[in-house]
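Q: final.pdb is the file, holding PDB, C-alpha atoms:
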ATOM      1  CA  VAL A 548     234.779  72.106 133.073
ATOM      2  CA  VAL A 549     237.131  75.077 133.079
ATOM      3  CA  VAL A 550     235.829  78.071 131.105
ATOM      4  CA  ALA A 551     238.110  81.015 130.378
ATOM      5  CA  SER A 552     236.520  84.420 129.889
ATOM      6  CA  GLY A 553     239.082  87.174 129.509
ATOM      7  CA  LYS A 554     241.231  86.570 132.594
ATOM      8  CA  SER A 555     238.606  84.876 134.701
ATOM      9  CA  HIS A 556     238.567  81.236 135.637
ATOM     10  CA  VAL A 557     235.551  79.051 136.377
ATOM     11  CA  GLN A 558     235.403  75.619 137.902
ATOM     12  CA  GLY A 559     232.608  73.797 139.692
ATOM     13  CA  ALA A 560     233.493  73.343 143.363
ATOM     14  CA  GLY A 561     233.981  69.774 144.550
ATOM     15  CA  ARG A 562     233.560  68.167 141.101
ATOM     16  CA  PRO A 563     235.962  66.745 138.572
ATOM     17  CA  PRO A 564     236.471  69.215 135.735
ATOM     18  CA  GLN A 565     234.926  67.062 133.021
ATOM     19  CA  ALA A 566     231.234  67.963 133.454
ATOM     20  CA  HIS A 567     229.022  70.852 134.589
ATOM     21  CA  ALA A 568     226.425  69.993 137.205
ATOM     22  CA  MET A 569     224.017  72.491 135.667
ATOM     23  CA  ALA A 570     224.471  71.294 132.076
ATOM     24  CA  GLN A 571     221.423  69.686 130.480
ATOM     25  CA  ARG A 572     221.941  66.083 129.294
ATOM     26  CA  GLN A 573     220.407  63.543 126.966
ATOM     27  CA  GLU A 574     218.814  60.614 128.845
ATOM     28  CA  SER A 575     217.477  57.203 127.783
ATOM     29  CA  GLY A 576     214.638  55.023 129.005
ATOM     30  CA  CYS A 577     214.904  52.182 131.477
ATOM     31  CA  LEU A 578     214.145  49.488 128.860
ATOM     32  CA  PRO A 579     216.502  48.517 126.034
ATOM     33  CA  CYS A 580     215.639  49.614 122.478
ATOM     34  CA  THR A 581     212.797  51.861 123.612
ATOM     35  CA  ASN A 582     212.154  55.038 125.587
ATOM     36  CA  CYS A 583     208.597  54.223 126.552
ATOM     37  CA  PHE A 584     209.372  53.972 130.250
ATOM     38  CA  VAL A 585     211.881  56.046 132.231
ATOM     39  CA  THR A 586     212.859  56.293 135.890
ATOM     40  CA  VAL A 587     213.209  59.936 136.990
ATOM     41  CA  PRO A 588     215.566  60.523 139.992
ATOM     42  CA  GLN A 589     214.383  62.752 142.836
ATOM     43  CA  ASP A 590     217.169  65.306 142.247
ATOM     44  CA  LYS A 591     216.538  65.845 138.510
ATOM     45  CA  TYR A 592     214.028  67.388 136.164
ATOM     46  CA  TYR A 593     213.169  65.377 133.009
ATOM     47  CA  ALA A 594     211.767  66.928 129.833
ATOM     48  CA  VAL A 595     210.054  64.713 127.237
ATOM     49  CA  GLU A 596     210.580  65.407 123.519
ATOM     50  CA  ASN A 597     208.470  63.967 120.730
ATOM     51  CA  PHE A 598     210.522  63.853 117.526
ATOM     52  CA  GLY A 599     212.789  66.585 118.942
ATOM     53  CA  LYS A 600     209.984  68.917 120.062
ATOM     54  CA  TYR A 601     209.381  69.627 123.745
ATOM     55  CA  SER A 602     206.245  67.905 125.056
ATOM     56  CA  HIS A 603     206.044  68.006 128.887
ATOM     57  CA  MET A 604     207.926  67.499 132.172
ATOM     58  CA  LEU A 605     207.975  64.270 134.176
ATOM     59  CA  LYS A 606     207.695  63.856 137.948
ATOM     60  CA  PRO A 607     210.171  61.764 139.977
ATOM     61  CA  GLY A 608     209.586  58.008 139.817
ATOM     62  CA  LEU A 609     208.672  55.552 137.067
ATOM     63  CA  SER A 610     206.821  57.240 134.190
ATOM     64  CA  PHE A 611     205.299  56.172 130.867
ATOM     65  CA  ALA A 612     206.147  58.761 128.221
ATOM     66  CA  GLY A 613     204.406  57.159 125.209
ATOM     67  CA  PHE A 614     205.042  54.616 122.450
ATOM     68  CA  ASP A 615     208.536  54.621 121.034
ATOM     69  CA  CYS A 616     210.572  52.523 118.629
ATOM     70  CA  CYS A 617     214.327  52.378 119.180
ATOM     71  CA  GLY A 618     214.379  55.925 120.608
ATOM     72  CA  CYS A 619     213.238  57.552 117.386
ATOM     73  CA  CYS A 620     209.952  58.927 118.668
ATOM     74  CA  ILE A 621     210.705  59.925 122.280
ATOM     75  CA  GLN A 622     213.827  61.512 123.744
ATOM     76  CA  TYR A 623     214.601  62.857 127.234
ATOM     77  CA  ARG A 624     216.593  65.823 128.509
ATOM     78  CA  SER A 625     217.481  66.290 132.187
ATOM     79  CA  ILE A 626     218.937  68.952 134.489
ATOM     80  CA  THR A 627     219.729  68.738 138.199
ATOM     81  CA  SER A 628     217.480  70.278 140.830
ATOM     82  CA  ARG A 629     220.280  70.572 143.415
ATOM     83  CA  VAL A 630     221.936  73.807 144.467
ATOM     84  CA  ASP A 631     225.245  74.086 142.637
ATOM     85  CA  GLN A 632     228.215  76.199 143.695
ATOM     86  CA  LEU A 633     230.404  77.784 141.090
ATOM     87  CA  MET A 634     233.815  79.351 141.883
ATOM     88  CA  VAL A 635     234.758  82.310 139.693
ATOM     89  CA  GLU A 636     238.199  83.955 139.769
ATOM     90  CA  VAL A 637     238.457  87.452 138.318
ATOM     91  CA  HIS A 638     241.767  89.242 137.792
ATOM     92  CA  THR A 639     241.455  93.008 137.994
ATOM     93  CA  LYS A 640     243.204  96.183 139.175
ATOM     94  CA  THR A 641     242.434  98.460 142.115
ATOM     95  CA  LYS A 642     242.338 102.254 142.197
ATOM     96  CA  ASP A 643     245.931 102.390 143.487
ATOM     97  CA  ASN A 644     247.157 100.180 140.601
ATOM     98  CA  VAL A 645     247.471  96.914 142.535
ATOM     99  CA  PHE A 646     246.496  93.740 140.663
ATOM    100  CA  VAL A 647     244.255  91.441 142.695
ATOM    101  CA  THR A 648     242.405  88.180 142.132
ATOM    102  CA  ALA A 649     238.809  88.185 143.396
ATOM    103  CA  LYS A 650     237.381  84.748 144.199
ATOM    104  CA  VAL A 651     233.580  84.690 144.040
ATOM    105  CA  ALA A 652     231.412  81.725 145.066
ATOM    106  CA  VAL A 653     228.012  81.669 143.294
ATOM    107  CA  GLN A 654     225.292  79.311 144.525
ATOM    108  CA  GLN A 655     222.490  78.747 142.025
ATOM    109  CA  SER A 656     219.717  76.282 141.251
ATOM    110  CA  VAL A 657     216.974  75.728 138.664
ATOM    111  CA  MET A 658     213.655  77.451 139.368
ATOM    112  CA  PRO A 659     211.004  74.659 139.429
ATOM    113  CA  GLU A 660     208.498  76.765 137.506
ATOM    114  CA  ASN A 661     211.032  77.622 134.783
ATOM    115  CA  THR A 662     212.722  74.317 134.132
ATOM    116  CA  VAL A 663     211.990  74.509 130.403
ATOM    117  CA  ASP A 664     213.901  77.782 130.108
ATOM    118  CA  ALA A 665     216.786  76.344 132.144
ATOM    119  CA  ILE A 666     217.050  73.331 129.831
ATOM    120  CA  TYR A 667     216.588  74.960 126.431
ATOM    121  CA  LYS A 668     217.769  78.593 126.668
ATOM    122  CA  LEU A 669     221.416  78.366 127.775
ATOM    123  CA  SER A 670     224.096  76.120 126.359
ATOM    124  CA  ASP A 671     226.709  76.943 129.039
ATOM    125  CA  VAL A 672     225.345  78.215 132.347
ATOM    126  CA  HIS A 673     228.733  78.599 134.004
ATOM    127  CA  ALA A 674     230.197  80.665 131.180
ATOM    128  CA  GLN A 675     227.202  82.999 131.367
ATOM    129  CA  ILE A 676     227.543  83.430 135.142
ATOM    130  CA  ASP A 677     231.269  83.980 134.737
ATOM    131  CA  SER A 678     230.634  86.826 132.293
ATOM    132  CA  TYR A 679     228.215  88.617 134.628
ATOM    133  CA  VAL A 680     230.475  88.189 137.677
ATOM    134  CA  SER A 681     233.514  89.458 135.772
ATOM    135  CA  ASP A 682     231.566  92.468 134.530
ATOM    136  CA  VAL A 683     230.426  93.492 138.038
ATOM    137  CA  VAL A 684     233.798  92.896 139.741
ATOM    138  CA  ARG A 685     235.773  94.739 137.062
ATOM    139  CA  SER A 686     233.345  97.656 137.321
ATOM    140  CA  ALA A 687     233.477  97.939 141.134
ATOM    141  CA  VAL A 688     237.062  97.112 142.159
ATOM    142  CA  PRO A 689     238.862  99.758 140.010
ATOM    143  CA  HIS A 690     237.033 102.448 142.017
ATOM    144  CA  MET A 691     238.420 101.120 145.325
ATOM    145  CA  SER A 692     241.854 101.117 146.915
ATOM    146  CA  LEU A 693     243.435  97.861 148.010
ATOM    147  CA  ASP A 694     242.357  98.357 151.619
ATOM    148  CA  GLU A 695     238.816  99.208 150.548
ATOM    149  CA  THR A 696     238.492  95.988 148.526
ATOM    150  CA  PHE A 697     239.016  94.033 151.761
ATOM    151  CA  GLU A 698     236.717  96.309 153.765
ATOM    152  CA  LYS A 699     233.898  96.353 151.177
ATOM    153  CA  LYS A 700     233.761  92.713 150.095
ATOM    154  CA  ASP A 701     230.140  92.564 151.233
ATOM    155  CA  ASP A 702     229.243  95.495 148.976
ATOM    156  CA  ILE A 703     230.802  93.724 145.995
ATOM    157  CA  SER A 704     228.934  90.518 146.908
ATOM    158  CA  ILE A 705     225.613  92.388 146.994
ATOM    159  CA  GLN A 706     226.246  93.960 143.589
ATOM    160  CA  VAL A 707     227.154  90.587 142.065
ATOM    161  CA  GLN A 708     224.097  88.876 143.561
ATOM    162  CA  GLN A 709     221.728  91.624 142.391
ATOM    163  CA  LYS A 710     223.122  91.470 138.868
ATOM    164  CA  LEU A 711     222.945  87.673 138.660
ATOM    165  CA  THR A 712     219.466  87.474 140.221
ATOM    166  CA  VAL A 713     218.001  89.761 137.574
ATOM    167  CA  GLU A 714     219.841  88.348 134.566
ATOM    168  CA  MET A 715     219.754  84.622 135.368
ATOM    169  CA  SER A 716     216.031  84.630 136.212
ATOM    170  CA  ASN A 717     215.424  85.158 132.497
ATOM    171  CA  TYR A 718     217.011  81.759 131.889
ATOM    172  CA  GLY A 719     215.216  79.873 134.671
ATOM    173  CA  PHE A 720     217.953  79.996 137.318
ATOM    174  CA  GLN A 721     217.710  81.216 140.895
ATOM    175  CA  ILE A 722     220.761  82.799 142.600
ATOM    176  CA  HIS A 723     220.894  81.976 146.319
ATOM    177  CA  LYS A 724     224.175  83.641 147.261
ATOM    178  CA  ALA A 725     227.119  85.348 145.609
ATOM    179  CA  LEU A 726     230.000  85.611 148.075
ATOM    180  CA  VAL A 727     233.385  87.255 147.591
ATOM    181  CA  THR A 728     235.358  84.691 149.554
ATOM    182  CA  GLU A 729     238.862  86.055 149.023
ATOM    183  CA  MET A 730     240.847  88.984 147.659
ATOM    184  CA  VAL A 731     244.364  87.891 146.705
ATOM    185  CA  PRO A 732     246.846  90.657 145.759
ATOM    186  CA  ASN A 733     249.917  90.000 143.662
ATOM    187  CA  HIS A 734     252.499  88.007 145.647
ATOM    188  CA  GLU A 735     255.051  90.844 145.350
ATOM    189  CA  VAL A 736     252.520  93.258 146.858
ATOM    190  CA  VAL A 737     251.841  90.825 149.711
ATOM    191  CA  ALA A 738     255.579  90.527 150.385
ATOM    192  CA  SER A 739     256.019  94.314 150.393
ATOM    193  CA  MET A 740     253.038  94.799 152.721
ATOM    194  CA  ASN A 741     254.435  92.213 155.120
ATOM    195  CA  GLU A 742     257.827  93.950 154.998
ATOM    196  CA  ILE A 743     256.198  97.317 155.759
ATOM    197  CA  ASN A 744     254.395  95.860 158.771
ATOM    198  CA  LYS A 745     257.601  94.150 159.904
ATOM    199  CA  GLN A 746     259.632  97.364 159.709
ATOM    200  CA  LYS A 747     256.887  99.301 161.486
ATOM    201  CA  ARG A 748     256.866  96.838 164.361
ATOM    202  CA  LEU A 749     260.673  96.846 164.514
ATOM    203  CA  ARG A 750     260.612 100.637 164.696
ATOM    204  CA  ASP A 751     258.018 100.551 167.483
ATOM    205  CA  ALA A 752     260.131  97.990 169.344
ATOM    206  CA  ALA A 753     263.261 100.163 168.961
ATOM    207  CA  ILE A 754     261.388 103.232 170.226
ATOM    208  CA  MET A 755     260.066 101.318 173.223
ATOM    209  CA  ALA A 756     263.543  99.941 173.988
ATOM    210  CA  ALA A 757     265.036 103.457 173.776
ATOM    211  CA  GLU A 758     262.309 104.798 176.062
ATOM    212  CA  ALA A 759     263.062 102.018 178.550
ATOM    213  CA  ASP A 760     266.796 102.835 178.452
ATOM    214  CA  LYS A 761     265.985 106.512 178.952
ATOM    215  CA  ILE A 762     263.812 105.754 181.959
ATOM    216  CA  ARG A 763     266.516 103.506 183.458
ATOM    217  CA  THR A 764     269.187 106.191 182.908
ATOM    218  CA  VAL A 765     267.028 108.960 184.390
ATOM    219  CA  LYS A 766     266.059 106.846 187.377
ATOM    220  CA  ALA A 767     269.688 105.838 187.949
ATOM    221  CA  ALA A 768     270.754 109.512 187.805
ATOM    222  CA  GLU A 769     267.968 110.467 190.203
ATOM    223  CA  ALA A 770     269.032 107.676 192.540
ATOM    224  CA  MET A 771     272.674 108.802 192.396
ATOM    225  CA  ALA A 772     271.625 112.408 193.066
ATOM    226  CA  ASP A 773     269.494 111.350 196.034
ATOM    227  CA  ALA A 774     272.313 109.153 197.325
ATOM    228  CA  ALA A 775     274.834 111.971 196.956
ATOM    229  CA  GLN A 776     272.483 114.368 198.722
ATOM    230  CA  LEU A 777     271.916 111.948 201.580
ATOM    231  CA  GLN A 778     275.650 111.217 201.749
ATOM    232  CA  GLY A 779     276.423 114.954 201.921
ATOM    233  CA  GLU A 780     273.825 115.462 204.619
ATOM    234  CA  GLY A 781     275.304 112.535 206.540
ATOM    235  CA  ILE A 782     278.843 113.890 206.236
ATOM    236  CA  ALA A 783     277.640 117.350 207.323
ATOM    237  CA  ARG A 784     275.919 115.899 210.386
ATOM    238  CA  GLN A 785     278.999 113.797 211.116
ATOM    239  CA  ARG A 786     281.292 116.813 210.999
ATOM    240  CA  ARG A 787     278.875 118.834 213.085
ATOM    241  CA  ALA A 788     278.852 116.117 215.694
ATOM    242  CA  ILE A 789     282.677 115.904 215.611
ATOM    243  CA  ILE A 790     283.004 119.664 216.026
ATOM    244  CA  ASP A 791     280.514 119.690 218.908
ATOM    245  CA  GLY A 792     282.325 116.804 220.528
ATOM    246  CA  LEU A 793     285.736 118.446 220.182
ATOM    247  CA  ARG A 794     284.416 121.723 221.554
ATOM    248  CA  ASP A 795     282.772 120.032 224.531
ATOM    249  CA  SER A 796     285.783 117.848 225.297
ATOM    250  CA  ILE A 797     288.217 120.782 225.236
ATOM    251  CA  THR A 798     286.092 123.401 227.000
ATOM    252  CA  HIS A 799     284.486 121.022 229.503
ATOM    253  CA  GLY A 800     284.689 122.518 232.987
ATOM    254  CA  THR A 801     286.138 125.823 231.764
ATOM    255  CA  GLN A 802     284.675 129.065 230.577
ATOM    256  CA  GLU A 803     286.884 129.153 227.513
ATOM    257  CA  VAL A 804     285.222 129.584 224.136
ATOM    258  CA  LEU A 805     286.982 128.158 221.079
ATOM    259  CA  SER A 806     287.125 130.248 217.957
ATOM    260  CA  SER A 807     286.104 128.929 214.555
ATOM    261  CA  ASP A 808     289.763 128.876 213.497
ATOM    262  CA  LYS A 809     290.725 126.575 216.306
ATOM    263  CA  ILE A 810     287.756 124.333 215.644
ATOM    264  CA  SER A 811     288.685 124.115 211.942
ATOM    265  CA  GLU A 812     292.262 123.162 212.843
ATOM    266  CA  LEU A 813     291.035 120.467 215.199
ATOM    267  CA  LEU A 814     288.716 119.135 212.495
ATOM    268  CA  LEU A 815     291.517 119.016 209.945
ATOM    269  CA  ILE A 816     293.810 117.218 212.388
ATOM    270  CA  THR A 817     291.070 114.704 213.141
ATOM    271  CA  GLN A 818     290.460 114.042 209.440
ATOM    272  CA  TYR A 819     294.211 113.749 208.906
ATOM    273  CA  PHE A 820     294.533 110.950 211.429
ATOM    274  CA  GLU A 821     291.379 109.243 210.103
ATOM    275  CA  THR A 822     292.916 109.262 206.624
ATOM    276  CA  LEU A 823     296.081 107.659 207.946
ATOM    277  CA  ARG A 824     293.988 105.047 209.729
ATOM    278  CA  ASP A 825     292.011 104.198 206.570
ATOM    279  CA  ILE A 826     295.184 103.885 204.510
ATOM    280  CA  ALA A 827     296.764 101.602 207.080
ATOM    281  CA  ALA A 828     293.641  99.453 207.257
ATOM    282  CA  ASN A 829     293.700  98.753 203.498
ATOM    283  CA  SER A 830     296.470  96.269 202.632
ATOM    284  CA  LYS A 831     296.132  96.931 198.889
ATOM    285  CA  ALA A 832     296.451 100.701 199.113
ATOM    286  CA  SER A 833     299.097 102.322 196.954
ATOM    287  CA  THR A 834     299.949 105.700 198.480
ATOM    288  CA  VAL A 835     302.815 108.150 198.027
ATOM    289  CA  PHE A 836     303.724 110.136 201.166
ATOM    290  CA  LEU A 837     305.330 113.535 201.000
ATOM    291  CA  PRO A 838     307.506 114.790 203.872
ATOM    292  CA  HIS A 839     305.250 116.519 206.364
ATOM    293  CA  SER A 840     304.163 116.421 209.963
ATOM    294  CA  ALA A 841     300.939 116.664 211.864
ATOM    295  CA  GLY A 842     301.823 120.187 212.865
ATOM    296  CA  ALA A 843     301.735 121.229 209.246
ATOM    297  CA  VAL A 844     297.960 120.874 209.292
ATOM    298  CA  SER A 845     297.692 124.295 210.943
ATOM    299  CA  ASP A 846     299.799 125.740 208.140
ATOM    300  CA  VAL A 847     297.484 124.171 205.597
ATOM    301  CA  ALA A 848     294.500 125.607 207.411
ATOM    302  CA  SER A 849     296.102 129.074 207.499
ATOM    303  CA  GLN A 850     296.906 128.850 203.808
ATOM    304  CA  ILE A 851     293.303 127.970 202.966
ATOM    305  CA  ARG A 852     292.092 130.781 205.214
ATOM    306  CA  ASN A 853     294.435 133.328 203.660
ATOM    307  CA  GLY A 854     293.461 132.253 200.144
ATOM    308  CA  ILE A 855     289.754 132.700 200.919
ATOM    309  CA  MET A 856     290.373 136.105 202.485
ATOM    310  CA  GLN A 857     292.492 137.257 199.534
ATOM    311  CA  ALA A 858     289.887 136.065 197.040
ATOM    312  CA  GLY A 859     287.177 138.005 198.813
ATOM    313  CA  ALA A 860     289.241 141.157 199.362
ATOM    314  CA  PRO A 861     287.943 144.281 197.544
ATOM    315  CA  GLY A 862     289.878 145.363 194.527
ATOM    316  CA  GLN A 863     291.233 141.837 193.930
ATOM    317  CA  ASN A 864     291.864 141.179 190.254
ATOM    318  CA  ARG A 865     289.564 138.518 188.853
ATOM    319  CA  MET A 866     290.334 136.402 185.807
TER
END
Take the structure from the file and write it as structure tokens.

A:
Amino acid sequence: VVVASGKSHVQGAGRPPQAHAMAQRQESGCLPCTNCFVTVPQDKYYAVENFGKYSHMLKPGLSFAGFDCCGCCIQYRSITSRVDQLMVEVHTKTKDNVFVTAKVAVQQSVMPENTVDAIYKLSDVHAQIDSYVSDVVRSAVPHMSLDETFEKKDDISIQVQQKLTVEMSNYGFQIHKALVTEMVPNHEVVASMNEINKQKRLRDAAIMAAEADKIRTVKAAEAMADAAQLQGEGIARQRRAIIDGLRDSITHGTQEVLSSDKISELLLITQYFETLRDIAANSKASTVFLPHSAGAVSDVASQIRNGIMQAGAPGQNRM
């Protein structure tokens, strides 16, 4: 049976929707045209009525209820003794104005000592439970944000169970558990929350990728700087060795001492011929030669020397 209460929805779990498990029913005896004898199942409670008035309860098994003629004197009412689970859906709104559907599973059974109350006091057990559950959920959830409704499902379950235990005991029913099994926000809210999480993760991925590129760029620059430094140190050592070699080869066996100017000219001449050698060794080189001679290297050296001396002379105009 589906019972609507406000915006809540009730349906017995695992049963076709045509009958409540906890609903009391009219029963008949095991013999035709009379209700003298009746067979009571193990999972049910049977109440005997004499001319419509409650008389007593029957135990499971075959029982003799009294003399009856065509069911006019004796009637039977039954209710199940099994634990029944009821699913209640309550639509409500959170503190931050998000509509959610709370799904609550209520497990209840008839109290053996109060079977008479369970049979005769309530006409619709599930509708009554639905009303209490809806009242508790709609009182608790509006004071919570959407995140808190997921974090505090146990608190809501405890409030629902306490409310049902007190109220339903007056009607002969025992509440075993009341569990908030699911909180379902509006589908548009779910889509927006997923999009927020997606964009957050994309942003984190972009930041991490940028950090990786930064590290690669910095490390490449550091490597280039170290390589340039090592290359400069190697070139400096190479030139030092060339100068020492030129000095030793020229002054070997003599007492002559070469000046720095002569050494610079020798170094320039040596580099000049090395440049020519490198150009000649590369078949794909494209080089434009200007008219000059090897002797012009000394003129170049003197020009560089004079320029340095003029730049460092006192009273020289500076731009």

Q: Select, from A:Val645, A:Thr798, A:Val585, A:Val663, the residue with the minimum atom-to-atom distance to Ser739 of chain A, counting all atoms listed in the file.

A: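 Ranking A:Val645, A:Thr798, A:Val585, A:Val663 by distance to Ser739 of chain A, first place goes to A:Val645.
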
Q: Report as a PyMOL selection string all protein, DNA and RNA residues lying within 12 Å of Ser807 of chain A, evaluated on all atoms listed in the file, omitting residues in the same chain fewer than 4 positions from it.

A: chain A and resi 790-791+793-794+811-814+848+852

Q: Please write the residues picked by the PyMOL selection byres ((chain A and resi 718) around 9) on this file as a PyMOL selection string.

A: chain A and resi 661-669+714-717+719-720

Q: Point out the residue among A:Gln589, A:Phe820, A:Ile703, A:Val635 with the least atom-to-atom distance to Ala674 of chain A, counting all atoms listed in the file.

A: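 Going through A:Gln589, A:Phe820, A:Ile703, A:Val635 one by one, the smallest distance to Ala674 of chain A is for A:Val635.
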
Q: What separation in Å, quoted to one decimal, exists between atom CA of Tyr623 of chain A and atom CA of Ser656 of chain A?

A: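 Computing it gives 20.1 Å between the two atoms.
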
Q: Calculate how many Å separate atom CA of Asn582 of chain A from atom CA of Phe598 of chain A, rounding to one decimal.

A: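 Separation between atom CA of Asn582 of chain A and atom CA of Phe598 of chain A: 12.1 Å.
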
Q: Give as a PDB file with C-alpha atoms, in the coordinates of the input every residue, naming chains and numbers as the document does, that has an atom within 12 Å of (211.7, 64.7, 132.1), counting only C-alpha atoms.

A:
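Contents of point_19.pdb, freshly written:
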ATOM      1  CA  GLN A 571     221.423  69.686 130.480  1.00  0.00           C
ATOM      2  CA  ARG A 572     221.941  66.083 129.294  1.00  0.00           C
ATOM      3  CA  GLN A 573     220.407  63.543 126.966  1.00  0.00           C
ATOM      4  CA  GLU A 574     218.814  60.614 128.845  1.00  0.00           C
ATOM      5  CA  SER A 575     217.477  57.203 127.783  1.00  0.00           C
ATOM      6  CA  GLY A 576     214.638  55.023 129.005  1.00  0.00           C
ATOM      7  CA  ASN A 582     212.154  55.038 125.587  1.00  0.00           C
ATOM      8  CA  PHE A 584     209.372  53.972 130.250  1.00  0.00           C
ATOM      9  CA  VAL A 585     211.881  56.046 132.231  1.00  0.00           C
ATOM     10  CA  THR A 586     212.859  56.293 135.890  1.00  0.00           C
ATOM     11  CA  VAL A 587     213.209  59.936 136.990  1.00  0.00           C
ATOM     12  CA  PRO A 588     215.566  60.523 139.992  1.00  0.00           C
ATOM     13  CA  GLN A 589     214.383  62.752 142.836  1.00  0.00           C
ATOM     14  CA  ASP A 590     217.169  65.306 142.247  1.00  0.00           C
ATOM     15  CA  LYS A 591     216.538  65.845 138.510  1.00  0.00           C
ATOM     16  CA  TYR A 592     214.028  67.388 136.164  1.00  0.00           C
ATOM     17  CA  TYR A 593     213.169  65.377 133.009  1.00  0.00           C
ATOM     18  CA  ALA A 594     211.767  66.928 129.833  1.00  0.00           C
ATOM     19  CA  VAL A 595     210.054  64.713 127.237  1.00  0.00           C
ATOM     20  CA  GLU A 596     210.580  65.407 123.519  1.00  0.00           C
ATOM     21  CA  ASN A 597     208.470  63.967 120.730  1.00  0.00           C
ATOM     22  CA  TYR A 601     209.381  69.627 123.745  1.00  0.00           C
ATOM     23  CA  SER A 602     206.245  67.905 125.056  1.00  0.00           C
ATOM     24  CA  HIS A 603     206.044  68.006 128.887  1.00  0.00           C
ATOM     25  CA  MET A 604     207.926  67.499 132.172  1.00  0.00           C
ATOM     26  CA  LEU A 605     207.975  64.270 134.176  1.00  0.00           C
ATOM     27  CA  LYS A 606     207.695  63.856 137.948  1.00  0.00           C
ATOM     28  CA  PRO A 607     210.171  61.764 139.977  1.00  0.00           C
ATOM     29  CA  GLY A 608     209.586  58.008 139.817  1.00  0.00           C
ATOM     30  CA  LEU A 609     208.672  55.552 137.067  1.00  0.00           C
ATOM     31  CA  SER A 610     206.821  57.240 134.190  1.00  0.00           C
ATOM     32  CA  PHE A 611     205.299  56.172 130.867  1.00  0.00           C
ATOM     33  CA  ALA A 612     206.147  58.761 128.221  1.00  0.00           C
ATOM     34  CA  ILE A 621     210.705  59.925 122.280  1.00  0.00           C
ATOM     35  CA  GLN A 622     213.827  61.512 123.744  1.00  0.00           C
ATOM     36  CA  TYR A 623     214.601  62.857 127.234  1.00  0.00           C
ATOM     37  CA  ARG A 624     216.593  65.823 128.509  1.00  0.00           C
ATOM     38  CA  SER A 625     217.481  66.290 132.187  1.00  0.00           C
ATOM     39  CA  ILE A 626     218.937  68.952 134.489  1.00  0.00           C
ATOM     40  CA  THR A 627     219.729  68.738 138.199  1.00  0.00           C
ATOM     41  CA  SER A 628     217.480  70.278 140.830  1.00  0.00           C
ATOM     42  CA  THR A 662     212.722  74.317 134.132  1.00  0.00           C
ATOM     43  CA  VAL A 663     211.990  74.509 130.403  1.00  0.00           C
ATOM     44  CA  ILE A 666     217.050  73.331 129.831  1.00  0.00           C
TER      45      ILE A 666
END

Q: Please evaluate the PyMOL selection byres ((chain A and resi 639) around 9) against the structure above and give the resulting residues as number ranges by chain.

A: A: 554, 637-638, 640-641, 645-649, 681, 684-685, 688-689

Q: Hey, can you pull every residue with an atom no more than 8 Å from (285.1, 113.5, 212.5), using all atoms listed in the file, and send it as an MDAnalysis selection string?

A: chainID A and resid 785:786 788:790 814 817:818 821

Q: With distances taken over all atoms listed in the file, which residue among A:Pro732, A:Gly613, A:Gly618, A:Gly779 lies nearest Thr581 of chain A?

A: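 Once distances to Thr581 of chain A are computed over all atoms listed in the file, the minimum belongs to A:Gly618.
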